[in-house]
>>> print(open('my_file_2.cif').read())   # mmCIF, C-alpha atoms (C1' of nucleotides)
data_data
#
loop_
_atom_site.label_atom_id
_atom_site.label_comp_id
_atom_site.auth_asym_id
_atom_site.auth_seq_id
_atom_site.Cartn_x
_atom_site.Cartn_y
_atom_site.Cartn_z
CA MET A 1 12.04 -16.22 -6.83
CA ARG A 2 12.50 -17.46 -3.29
CA LEU A 3 14.68 -15.40 -1.01
CA ASP A 4 16.88 -17.08 1.53
CA ASP A 5 18.28 -15.59 4.70
CA ILE A 6 21.38 -14.14 3.02
CA ASP A 7 19.20 -12.34 0.47
CA HIS A 8 17.33 -10.69 3.30
CA GLN A 9 20.59 -9.67 4.93
CA ILE A 10 21.81 -8.14 1.68
CA VAL A 11 18.59 -6.19 1.28
CA ALA A 12 18.89 -4.99 4.86
CA GLN A 13 22.44 -3.82 4.21
CA LEU A 14 21.47 -1.93 1.08
CA LEU A 15 18.51 -0.34 2.84
CA GLN A 16 20.97 0.94 5.40
CA ASN A 17 23.53 2.15 2.89
CA ALA A 18 22.83 1.85 -0.79
CA ARG A 19 26.28 3.09 -1.72
CA ALA A 20 28.11 0.35 0.14
CA SER A 21 30.53 -1.58 -2.05
CA TYR A 22 29.87 -5.20 -2.83
CA ALA A 23 32.91 -6.09 -0.75
CA GLN A 24 31.49 -4.22 2.25
CA VAL A 25 28.16 -5.95 1.90
CA GLY A 26 29.98 -9.22 1.48
CA ASP A 27 31.85 -8.68 4.74
CA ALA A 28 28.59 -8.08 6.55
CA VAL A 29 26.84 -11.15 5.22
CA GLY A 30 29.82 -13.50 4.89
CA LEU A 31 30.16 -13.65 1.11
CA SER A 32 32.67 -12.55 -1.49
CA ALA A 33 32.05 -9.43 -3.55
CA PRO A 34 31.21 -11.25 -6.80
CA ALA A 35 28.78 -13.51 -4.98
CA VAL A 36 27.04 -10.45 -3.58
CA LYS A 37 26.88 -8.86 -7.00
CA ARG A 38 25.32 -11.97 -8.49
CA ARG A 39 22.63 -11.96 -5.82
CA VAL A 40 22.00 -8.24 -6.11
CA ASP A 41 21.67 -8.58 -9.88
CA ARG A 42 19.12 -11.31 -9.32
CA LEU A 43 17.24 -9.26 -6.72
CA ARG A 44 17.08 -6.35 -9.14
CA HIS A 45 15.98 -8.59 -11.99
CA ASP A 46 13.26 -10.13 -9.85
CA GLY A 47 11.98 -6.70 -8.85
CA VAL A 48 12.77 -7.02 -5.17
CA ILE A 49 15.19 -4.11 -5.38
CA THR A 50 13.81 -1.60 -7.85
CA GLY A 51 16.39 1.14 -7.43
CA TYR A 52 18.54 3.18 -5.12
CA THR A 53 17.87 6.65 -3.84
CA ALA A 54 19.45 9.31 -1.70
CA VAL A 55 17.72 10.13 1.54
CA VAL A 56 17.23 13.85 1.52
CA ASP A 57 16.06 16.11 4.31
CA PRO A 58 13.26 18.11 2.68
CA ALA A 59 13.58 20.84 5.27
CA ALA A 60 17.17 21.42 4.19
CA LEU A 61 15.90 22.07 0.69
CA GLY A 62 13.32 24.50 2.01
CA TRP A 63 10.33 22.17 1.94
CA THR A 64 9.01 22.68 5.44
CA THR A 65 5.34 21.85 5.02
CA GLU A 66 3.83 18.40 4.71
CA ALA A 67 0.22 17.33 4.53
CA PHE A 68 -2.15 14.45 3.87
CA ILE A 69 -5.15 15.21 1.71
CA GLU A 70 -8.22 13.05 1.57
CA ILE A 71 -9.73 13.35 -1.87
CA PHE A 72 -13.40 12.80 -2.61
CA CYS A 73 -14.35 12.09 -6.20
CA THR A 74 -17.49 12.08 -8.25
CA GLY A 75 -19.42 8.83 -8.27
CA ALA A 76 -17.33 5.90 -9.35
CA THR A 77 -14.08 7.46 -10.46
CA ALA A 78 -11.53 4.92 -11.60
CA PRO A 79 -8.14 4.80 -9.90
CA GLU A 80 -6.54 5.61 -13.25
CA GLU A 81 -8.41 8.89 -13.42
CA ILE A 82 -7.36 9.81 -9.91
CA TYR A 83 -3.83 8.93 -10.84
CA ALA A 84 -4.03 11.19 -13.87
CA SER A 85 -5.35 14.05 -11.80
CA VAL A 86 -2.73 13.71 -9.14
CA ARG A 87 0.46 12.85 -10.97
CA LYS A 88 0.74 16.24 -12.63
CA HIS A 89 1.45 17.90 -9.33
CA PRO A 90 5.10 17.52 -8.42
CA GLU A 91 4.37 18.28 -4.78
CA VAL A 92 2.66 14.91 -4.46
CA VAL A 93 4.96 12.46 -2.75
CA ALA A 94 2.54 9.55 -2.61
CA ALA A 95 -1.05 8.75 -3.43
CA TYR A 96 -3.22 5.78 -2.56
CA THR A 97 -6.72 4.59 -3.11
CA VAL A 98 -8.14 3.65 0.24
CA THR A 99 -11.03 2.16 2.14
CA GLY A 100 -13.37 4.53 3.92
CA GLU A 101 -15.22 7.58 2.78
CA ALA A 102 -12.44 9.20 0.80
CA SER A 103 -11.57 8.03 -2.70
CA ALA A 104 -7.89 8.60 -2.28
CA LEU A 105 -5.26 9.73 0.16
CA VAL A 106 -2.58 12.05 -1.13
CA HIS A 107 0.67 12.74 0.67
CA LEU A 108 2.31 15.98 -0.40
CA ARG A 109 5.09 18.32 0.48
CA ALA A 110 5.20 22.07 -0.02
CA ARG A 111 7.62 24.86 0.67
CA ASP A 112 5.33 26.60 3.13
CA ILE A 113 1.67 27.11 3.95
CA GLN A 114 1.17 29.51 1.06
CA HIS A 115 2.57 26.93 -1.31
CA LEU A 116 0.33 24.28 0.23
CA GLU A 117 -2.67 26.49 -0.31
CA ALA A 118 -1.73 26.93 -3.96
CA VAL A 119 -1.41 23.19 -4.46
CA LEU A 120 -4.80 22.62 -2.86
CA GLU A 121 -6.38 25.13 -5.18
CA ARG A 122 -4.77 23.40 -8.14
CA LEU A 123 -6.02 20.03 -6.92
CA ARG A 124 -9.54 21.25 -6.42
CA ARG A 125 -9.61 22.51 -9.97
CA GLU A 126 -9.30 18.93 -11.20
CA GLN A 127 -12.47 17.67 -12.86
CA ASN A 128 -12.98 14.53 -10.78
CA ILE A 129 -12.30 16.06 -7.43
CA VAL A 130 -15.31 17.45 -5.61
CA GLN A 131 -13.95 17.82 -2.10
CA THR A 132 -10.71 17.68 -0.17
CA LYS A 133 -9.92 17.30 3.48
CA THR A 134 -6.49 18.39 4.57
CA THR A 135 -4.50 17.17 7.53
CA ILE A 136 -1.29 19.09 8.09
CA VAL A 137 1.72 17.35 9.56
CA LEU A 138 2.95 19.05 12.70
CA SER A 139 6.00 16.91 13.31
CA ARG A 140 7.48 13.76 11.92
CA LEU A 141 7.95 11.18 14.64
CA ILE A 142 9.21 8.31 12.51
CA GLY A 143 10.04 8.13 8.87
CA ARG A 144 11.79 5.05 7.67
CA PRO A 145 12.58 5.56 4.01
CA THR A 146 10.89 2.36 2.99
CA ASP A 147 8.58 3.62 0.32
CA ALA A 148 8.15 1.84 -2.94
CA PRO A 149 9.15 3.26 -6.27
CA THR A 150 7.48 5.38 -8.85
CA SER A 151 8.44 3.39 -11.87
CA MET B 1 24.47 26.47 3.53
CA ARG B 2 22.98 27.87 0.37
CA LEU B 3 22.41 25.50 -2.51
CA ASP B 4 22.86 26.62 -6.07
CA ASP B 5 21.30 25.13 -9.14
CA ILE B 6 24.02 22.51 -9.65
CA ASP B 7 23.56 21.29 -6.09
CA HIS B 8 19.90 20.75 -6.81
CA GLN B 9 20.76 18.87 -9.99
CA ILE B 10 23.17 16.64 -8.09
CA VAL B 11 20.54 15.89 -5.46
CA ALA B 12 18.05 15.10 -8.22
CA GLN B 13 20.52 12.71 -9.83
CA LEU B 14 21.20 10.90 -6.57
CA LEU B 15 17.50 10.67 -5.81
CA GLN B 16 17.11 8.94 -9.14
CA ASN B 17 20.06 6.62 -8.68
CA ALA B 18 22.02 6.66 -5.47
CA ARG B 19 24.58 4.20 -6.79
CA ALA B 20 25.57 6.37 -9.73
CA SER B 21 29.30 7.04 -9.88
CA TYR B 22 30.60 10.57 -9.40
CA ALA B 23 31.63 10.54 -13.04
CA GLN B 24 28.09 9.70 -14.14
CA VAL B 25 26.62 12.45 -11.99
CA GLY B 26 29.27 14.80 -13.30
CA ASP B 27 28.27 14.01 -16.87
CA ALA B 28 24.67 14.84 -16.09
CA VAL B 29 25.38 18.13 -14.39
CA GLY B 30 28.42 19.24 -16.35
CA LEU B 31 31.12 18.84 -13.73
CA SER B 32 34.19 16.69 -13.22
CA ALA B 33 33.99 13.72 -10.87
CA PRO B 34 36.10 15.27 -8.10
CA ALA B 35 34.03 18.44 -8.20
CA VAL B 36 30.89 16.37 -7.76
CA LYS B 37 32.42 14.53 -4.84
CA ARG B 38 33.33 17.77 -3.07
CA ARG B 39 29.77 19.00 -3.42
CA VAL B 40 28.27 15.70 -2.30
CA ASP B 41 30.55 15.69 0.73
CA ARG B 42 29.36 19.18 1.57
CA LEU B 43 25.72 18.20 1.05
CA ARG B 44 26.16 15.27 3.39
CA HIS B 45 27.97 17.36 5.95
CA ASP B 46 25.25 19.99 5.85
CA GLY B 47 22.56 17.37 6.35
CA VAL B 48 20.89 17.84 3.01
CA ILE B 49 21.70 14.27 2.05
CA THR B 50 21.44 12.10 5.13
CA GLY B 51 22.03 8.73 3.56
CA TYR B 52 21.37 6.36 0.72
CA THR B 53 18.92 3.53 0.60
CA ALA B 54 17.73 0.79 -1.67
CA VAL B 55 14.19 1.05 -2.97
CA VAL B 56 12.57 -2.26 -2.20
CA ASP B 57 9.21 -3.55 -3.36
CA PRO B 58 7.53 -4.64 -0.12
CA ALA B 59 5.20 -6.92 -2.03
CA ALA B 60 8.18 -8.88 -3.33
CA LEU B 61 9.19 -9.50 0.27
CA GLY B 62 5.68 -10.64 1.12
CA TRP B 63 4.43 -7.41 2.71
CA THR B 64 1.20 -6.96 0.81
CA THR B 65 -0.88 -4.92 3.24
CA GLU B 66 -0.55 -1.24 3.96
CA ALA B 67 -2.63 1.05 6.14
CA PHE B 68 -2.88 4.47 7.73
CA ILE B 69 -3.99 4.57 11.33
CA GLU B 70 -5.32 7.67 13.01
CA ILE B 71 -4.45 7.50 16.67
CA PHE B 72 -6.40 9.23 19.38
CA CYS B 73 -4.67 9.77 22.69
CA THR B 74 -5.67 10.63 26.22
CA GLY B 75 -5.87 14.35 26.98
CA ALA B 76 -2.66 16.17 26.18
CA THR B 77 -0.26 13.42 25.31
CA ALA B 78 3.18 14.72 24.36
CA PRO B 79 4.62 13.82 20.97
CA GLU B 80 7.49 12.07 22.75
CA GLU B 81 5.06 9.69 24.42
CA ILE B 82 3.38 8.91 21.14
CA TYR B 83 6.77 8.34 19.62
CA ALA B 84 7.65 5.95 22.43
CA SER B 85 4.40 4.04 21.94
CA VAL B 86 4.81 3.73 18.22
CA ARG B 87 8.50 3.16 17.62
CA LYS B 88 8.48 -0.30 19.20
CA HIS B 89 6.41 -1.65 16.38
CA PRO B 90 8.59 -2.52 13.42
CA GLU B 91 5.60 -2.51 11.09
CA VAL B 92 5.39 1.27 11.45
CA VAL B 93 6.89 2.93 8.40
CA ALA B 94 6.13 6.50 9.37
CA ALA B 95 4.35 8.45 12.10
CA TYR B 96 3.35 12.07 12.35
CA THR B 97 1.60 14.36 14.75
CA VAL B 98 -1.10 16.15 12.83
CA THR B 99 -3.77 18.80 12.89
CA GLY B 100 -7.36 17.70 13.19
CA GLU B 101 -9.07 15.40 15.60
CA ALA B 102 -6.49 12.66 15.68
CA SER B 103 -3.34 12.98 17.77
CA ALA B 104 -1.16 11.18 15.28
CA LEU B 105 -1.17 9.49 11.92
CA VAL B 106 0.68 6.21 11.61
CA HIS B 107 1.66 4.63 8.32
CA LEU B 108 2.31 0.94 8.59
CA ARG B 109 2.93 -2.12 6.52
CA ALA B 110 1.98 -5.70 7.33
CA ARG B 111 2.29 -9.07 5.68
CA ASP B 112 -1.46 -9.54 5.35
CA ILE B 113 -4.73 -8.61 6.96
CA GLN B 114 -4.21 -11.01 9.85
CA HIS B 115 -0.88 -9.41 10.56
CA LEU B 116 -2.46 -5.95 10.34
CA GLU B 117 -5.05 -6.98 12.87
CA ALA B 118 -2.35 -8.20 15.21
CA VAL B 119 -0.47 -4.91 14.93
CA LEU B 120 -3.65 -2.96 15.65
CA GLU B 121 -4.27 -5.03 18.74
CA ARG B 122 -0.74 -4.37 19.89
CA LEU B 123 -1.13 -0.64 19.25
CA ARG B 124 -4.39 -0.45 21.13
CA ARG B 125 -2.75 -2.05 24.13
CA GLU B 126 -0.50 1.01 24.46
CA GLN B 127 -1.33 3.09 27.53
CA ASN B 128 -1.82 6.45 25.79
CA ILE B 129 -3.90 5.21 22.92
CA VAL B 130 -7.65 5.25 23.51
CA GLN B 131 -8.91 4.86 19.96
CA THR B 132 -7.71 4.06 16.46
CA LYS B 133 -9.22 4.59 13.07
CA THR B 134 -7.81 2.48 10.29
CA THR B 135 -7.75 3.25 6.60
CA ILE B 136 -6.49 0.40 4.47
CA VAL B 137 -4.60 1.12 1.27
CA LEU B 138 -6.23 -0.50 -1.74
CA SER B 139 -3.64 0.48 -4.32
CA ARG B 140 -0.64 2.68 -4.51
CA LEU B 141 -1.02 5.25 -7.28
CA ILE B 142 2.18 7.15 -6.72
CA GLY B 143 5.06 6.55 -4.41
CA ARG B 144 8.10 8.65 -4.93
CA PRO B 145 10.70 7.38 -2.50
CA THR B 146 11.31 10.82 -1.07
CA ASP B 147 10.75 10.16 2.58
CA ALA B 148 12.99 11.60 5.19
CA PRO B 149 15.28 9.56 7.38
CA THR B 150 14.85 7.87 10.70
CA SER B 151 17.92 9.26 12.41
"C1'" DA C 1 42.07 21.13 -12.94
"C1'" DC C 2 45.07 17.32 -13.88
"C1'" DT C 3 47.90 13.15 -12.65
"C1'" DG C 4 49.26 8.98 -10.10
"C1'" DA C 5 48.27 5.73 -6.51
"C1'" DA C 6 44.70 3.03 -4.37
"C1'" DA C 7 40.20 0.98 -4.27
"C1'" DG C 8 36.34 -1.05 -6.33
"C1'" DA C 9 33.62 -3.39 -10.16
"C1'" DA C 10 33.12 -6.74 -13.66
"C1'" DT C 11 34.38 -10.79 -16.07
"C1'" DA C 12 36.43 -15.34 -16.60
"C1'" DC C 13 37.87 -19.49 -14.62
"C1'" DG C 14 38.28 -23.31 -11.30
"C1'" DC C 15 36.49 -25.67 -7.21
"C1'" DT C 16 32.86 -27.92 -4.12
"C1'" DC C 17 28.46 -29.77 -2.95
"C1'" DG D 1 24.23 -27.92 -12.41
"C1'" DA D 2 23.90 -24.32 -8.98
"C1'" DG D 3 26.65 -21.53 -6.16
"C1'" DC D 4 30.90 -19.70 -4.09
"C1'" DG D 5 35.60 -18.09 -4.23
"C1'" DT D 6 40.12 -16.52 -6.52
"C1'" DA D 7 42.44 -14.06 -10.07
"C1'" DT D 8 42.76 -10.59 -13.70
"C1'" DT D 9 41.54 -6.56 -16.08
"C1'" DC D 10 39.44 -2.32 -16.33
"C1'" DT D 11 37.15 1.63 -14.29
"C1'" DT D 12 36.50 4.81 -10.60
"C1'" DT D 13 37.94 7.27 -6.68
"C1'" DC D 14 40.82 10.26 -4.07
"C1'" DA D 15 44.96 12.98 -2.53
"C1'" DG D 16 48.59 15.10 -4.13
"C1'" DT D 17 50.46 18.94 -6.90
#
>>> encode(input="my_file_2.cif", output="structure tokens")
Amino acid sequence: MRLDDIDHQIVAQLLQNARASYAQVGDAVGLSAPAVKRRVDRLRHDGVITGYTAVVDPAALGWTTEAFIEIFCTGATAPEEIYASVRKHPEVVAAYTVTGEASALVHLRARDIQHLEAVLERLRREQNIVQTKTTIVLSRLIGRPTDAPTS
Amino acid sequence: MRLDDIDHQIVAQLLQNARASYAQVGDAVGLSAPAVKRRVDRLRHDGVITGYTAVVDPAALGWTTEAFIEIFCTGATAPEEIYASVRKHPEVVAAYTVTGEASALVHLRARDIQHLEAVLERLRREQNIVQTKTTIVLSRLIGRPTDAPTS
DNA sequence: ACTGAAAGAATACGCTC
DNA sequence: GAGCGTATTCTTTCAGT
């Protein structure tokens, strides 16, 4: 599962435009369309590329509020339990276990402040969670869509 | 620029698989392929969909370390200045200005801990930045690839 | 919404290193 | 044998009506 330079170029192309045709990608990297397809198939099979997604502007869909929540859990709560508590909430975009005082860091998006408040209440009702600390995003400076997949 | 229910379904489909054909999307939402294309064109034109990207597993590319850095700036540093200080570093995946004590929150990815350390040193050399507080990601619990675009 | 022309994807086959 | 390219067939896309 070693990736050569052309593999990296192909990945870069697909990061830029996941709907590009194999011929287009081939033009960019100096390969024929079937050769590109073979490599992409391999990259998918090897788990380097796990999927393709549209890049959507949340604000255009009416999701104007974004926040990071530090979650503090009881004693030694396993990551699986945190996962279970957090995955139910569709507003959660990402969640991580982290070093430091907090047990986990949750990245979420809400329609507005009222919606955010509702989500926080829901989160705090979870059994494991004893405290939350919210940091609201004022503005997004950079946001490369480079996040890893759910599945 | 109002979106009806079918628009939302189309967006959901493309979030799930950006390389799906118009016919496939049409099947899922109950429309013909050309009708889907018209709507997608409109969604792109209206800035709801800003692009398409591959979902890549950073670990498979050798990027195993991830961290969130709270950045503390001198006095009243403008968001533009923070942006300028942060955008140069390719390891930065996302950056936000936030409420709370910190001026900004930076999400970054590095190859390993040594690389992370190097990035932190680079960041701290920036003029505006007086202090950083690093939180290292131990494990990713959830990561829906729903982040907004760069441009 | 449907049809016809054009473009792209997938497979098979032959060539080179 | 591993990898690329060409050729063919089949599907998808797109612009007309």
>>> resolve_selection(input="my_file_2.cif", expression="the PyMOL selection byres ((chain C) within 10 of (chain A))", output="ChimeraX atom specification")
/C:8-11
>>> resolve_selection(input="my_file_2.cif", expression="the PyMOL selection byres ((chain D) within 10 of (chain A))", output="PyMOL selection string")
chain D and resi 3-6
>>> interface_residues(input="my_file_2.cif", of="chain B", to="chain A", cutoff="8 Å", atoms="all atoms listed in the file", output="JSON, numbers by chain")
{"B": [11, 14, 15, 16, 17, 18, 19, 47, 48, 49, 50, 51, 52, 53, 54, 55, 56, 57, 58, 60, 61, 79, 83, 87, 93, 94, 95, 96, 97, 98, 99, 100, 135, 136, 137, 138, 139, 140, 141, 142, 143, 144, 145, 146, 147, 148, 149, 150]}
>>> axis_aligned_box(input="my_file_2.cif", around="segment 1-9 of chain D", padding_each_side="6 Å", output="lines of an AutoDock Vina configuration file")
center_x = 33.3
center_y = -17.2
center_z = -10.1
size_x = 30.9
size_y = 33.4
size_z = 24.0
>>> closest_residue(input="my_file_2.cif", among="B:Gln9, B:Thr132, B:Gln114, B:Gln127", to="Thr74 of chain B", atoms="all atoms listed in the file")
B:Gln127
>>> atom_distance(input="my_file_2.cif", atom1="atom CA of Leu120 of chain A", atom2="atom CA of Glu70 of chain A")
11.1 Å
>>> resolve_selection(input="my_file_2.cif", expression="the PyMOL selection byres ((chain D and resi 13) around 8)", output="PyMOL selection string")
(chain C and resi 7) or (chain D and resi 12+14)
>>> atom_distance(input="my_file_2.cif", atom1="atom CA of Glu81 of chain B", atom2="atom CA of Glu126 of chain B")
10.3 Å
>>> residues_around(input="my_file_2.cif", residues="Asn128 of chain B", least_positions_apart="3", cutoff="9 Å", atoms="only C-alpha atoms (C1' of nucleotides)", output="VMD selection string")
chain B and resid 72 to 75 77 81 to 82 85 124 to 125
>>> write_last_selection(input="my_file_2.cif", atoms="C-alpha atoms", output="PDB file, in the frame of the given file")
ATOM      1  CA  PHE B  72      -6.400   9.230  19.380  1.00  0.00           C
ATOM      2  CA  CYS B  73      -4.670   9.770  22.690  1.00  0.00           C
ATOM      3  CA  THR B  74      -5.670  10.630  26.220  1.00  0.00           C
ATOM      4  CA  GLY B  75      -5.870  14.350  26.980  1.00  0.00           C
ATOM      5  CA  THR B  77      -0.260  13.420  25.310  1.00  0.00           C
ATOM      6  CA  GLU B  81       5.060   9.690  24.420  1.00  0.00           C
ATOM      7  CA  ILE B  82       3.380   8.910  21.140  1.00  0.00           C
ATOM      8  CA  SER B  85       4.400   4.040  21.940  1.00  0.00           C
ATOM      9  CA  ARG B 124      -4.390  -0.450  21.130  1.00  0.00           C
ATOM     10  CA  ARG B 125      -2.750  -2.050  24.130  1.00  0.00           C
TER      11      ARG B 125
END
>>> atom_distance(input="my_file_2.cif", atom1="atom CA of Val40 of chain A", atom2="atom CA of Asp4 of chain A")
12.8 Å
>>> residues_around(input="my_file_2.cif", residues="DG16 of chain D", least_positions_apart="6", cutoff="10 Å", atoms="all atoms listed in the file", output="list in words")
DT3, DG4 and DA5 of chain C
>>> build_atoms(input="my_file_2.cif", residues="segment 77-88 of chain B", atoms="N, CA, C and O atoms", output="PDB file, in the frame of the given file")
ATOM      1  N   THR B  77      -1.397  14.322  25.354  1.00  0.00           N
ATOM      2  CA  THR B  77      -0.260  13.420  25.310  1.00  0.00           C
ATOM      3  C   THR B  77       0.864  14.065  24.488  1.00  0.00           C
ATOM      4  O   THR B  77       0.629  14.536  23.374  1.00  0.00           O
ATOM      5  N   ALA B  78       2.047  14.097  25.031  1.00  0.00           N
ATOM      6  CA  ALA B  78       3.180  14.720  24.360  1.00  0.00           C
ATOM      7  C   ALA B  78       3.618  13.886  23.167  1.00  0.00           C
ATOM      8  O   ALA B  78       3.493  12.655  23.187  1.00  0.00           O
ATOM      9  N   PRO B  79       4.123  14.547  22.137  1.00  0.00           N
ATOM     10  CA  PRO B  79       4.620  13.820  20.970  1.00  0.00           C
ATOM     11  C   PRO B  79       5.641  12.753  21.339  1.00  0.00           C
ATOM     12  O   PRO B  79       5.659  11.673  20.731  1.00  0.00           O
ATOM     13  N   GLU B  80       6.460  13.034  22.354  1.00  0.00           N
ATOM     14  CA  GLU B  80       7.490  12.070  22.750  1.00  0.00           C
ATOM     15  C   GLU B  80       6.857  10.762  23.216  1.00  0.00           C
ATOM     16  O   GLU B  80       7.370   9.677  22.958  1.00  0.00           O
ATOM     17  N   GLU B  81       5.731  10.890  23.933  1.00  0.00           N
ATOM     18  CA  GLU B  81       5.060   9.690  24.420  1.00  0.00           C
ATOM     19  C   GLU B  81       4.485   8.879  23.271  1.00  0.00           C
ATOM     20  O   GLU B  81       4.548   7.653  23.246  1.00  0.00           O
ATOM     21  N   ILE B  82       3.914   9.603  22.315  1.00  0.00           N
ATOM     22  CA  ILE B  82       3.380   8.910  21.140  1.00  0.00           C
ATOM     23  C   ILE B  82       4.512   8.213  20.405  1.00  0.00           C
ATOM     24  O   ILE B  82       4.396   7.049  20.022  1.00  0.00           O
ATOM     25  N   TYR B  83       5.609   8.927  20.271  1.00  0.00           N
ATOM     26  CA  TYR B  83       6.770   8.340  19.620  1.00  0.00           C
ATOM     27  C   TYR B  83       7.190   7.051  20.323  1.00  0.00           C
ATOM     28  O   TYR B  83       7.430   6.019  19.691  1.00  0.00           O
ATOM     29  N   ALA B  84       7.241   7.112  21.651  1.00  0.00           N
ATOM     30  CA  ALA B  84       7.650   5.950  22.430  1.00  0.00           C
ATOM     31  C   ALA B  84       6.689   4.778  22.212  1.00  0.00           C
ATOM     32  O   ALA B  84       7.098   3.624  22.129  1.00  0.00           O
ATOM     33  N   SER B  85       5.401   5.094  22.093  1.00  0.00           N
ATOM     34  CA  SER B  85       4.400   4.040  21.940  1.00  0.00           C
ATOM     35  C   SER B  85       4.446   3.396  20.563  1.00  0.00           C
ATOM     36  O   SER B  85       4.017   2.266  20.375  1.00  0.00           O
ATOM     37  N   VAL B  86       4.962   4.125  19.617  1.00  0.00           N
ATOM     38  CA  VAL B  86       4.810   3.730  18.220  1.00  0.00           C
ATOM     39  C   VAL B  86       6.093   3.122  17.654  1.00  0.00           C
ATOM     40  O   VAL B  86       6.073   2.255  16.800  1.00  0.00           O
ATOM     41  N   ARG B  87       7.211   3.560  18.187  1.00  0.00           N
ATOM     42  CA  ARG B  87       8.500   3.160  17.620  1.00  0.00           C
ATOM     43  C   ARG B  87       8.802   1.686  17.852  1.00  0.00           C
ATOM     44  O   ARG B  87       9.584   1.080  17.131  1.00  0.00           O
ATOM     45  N   LYS B  88       8.191   1.105  18.897  1.00  0.00           N
ATOM     46  CA  LYS B  88       8.480  -0.300  19.200  1.00  0.00           C
ATOM     47  C   LYS B  88       7.998  -1.225  18.100  1.00  0.00           C
ATOM     48  O   LYS B  88       8.479  -2.338  17.970  1.00  0.00           O
TER      49      LYS B  88
END
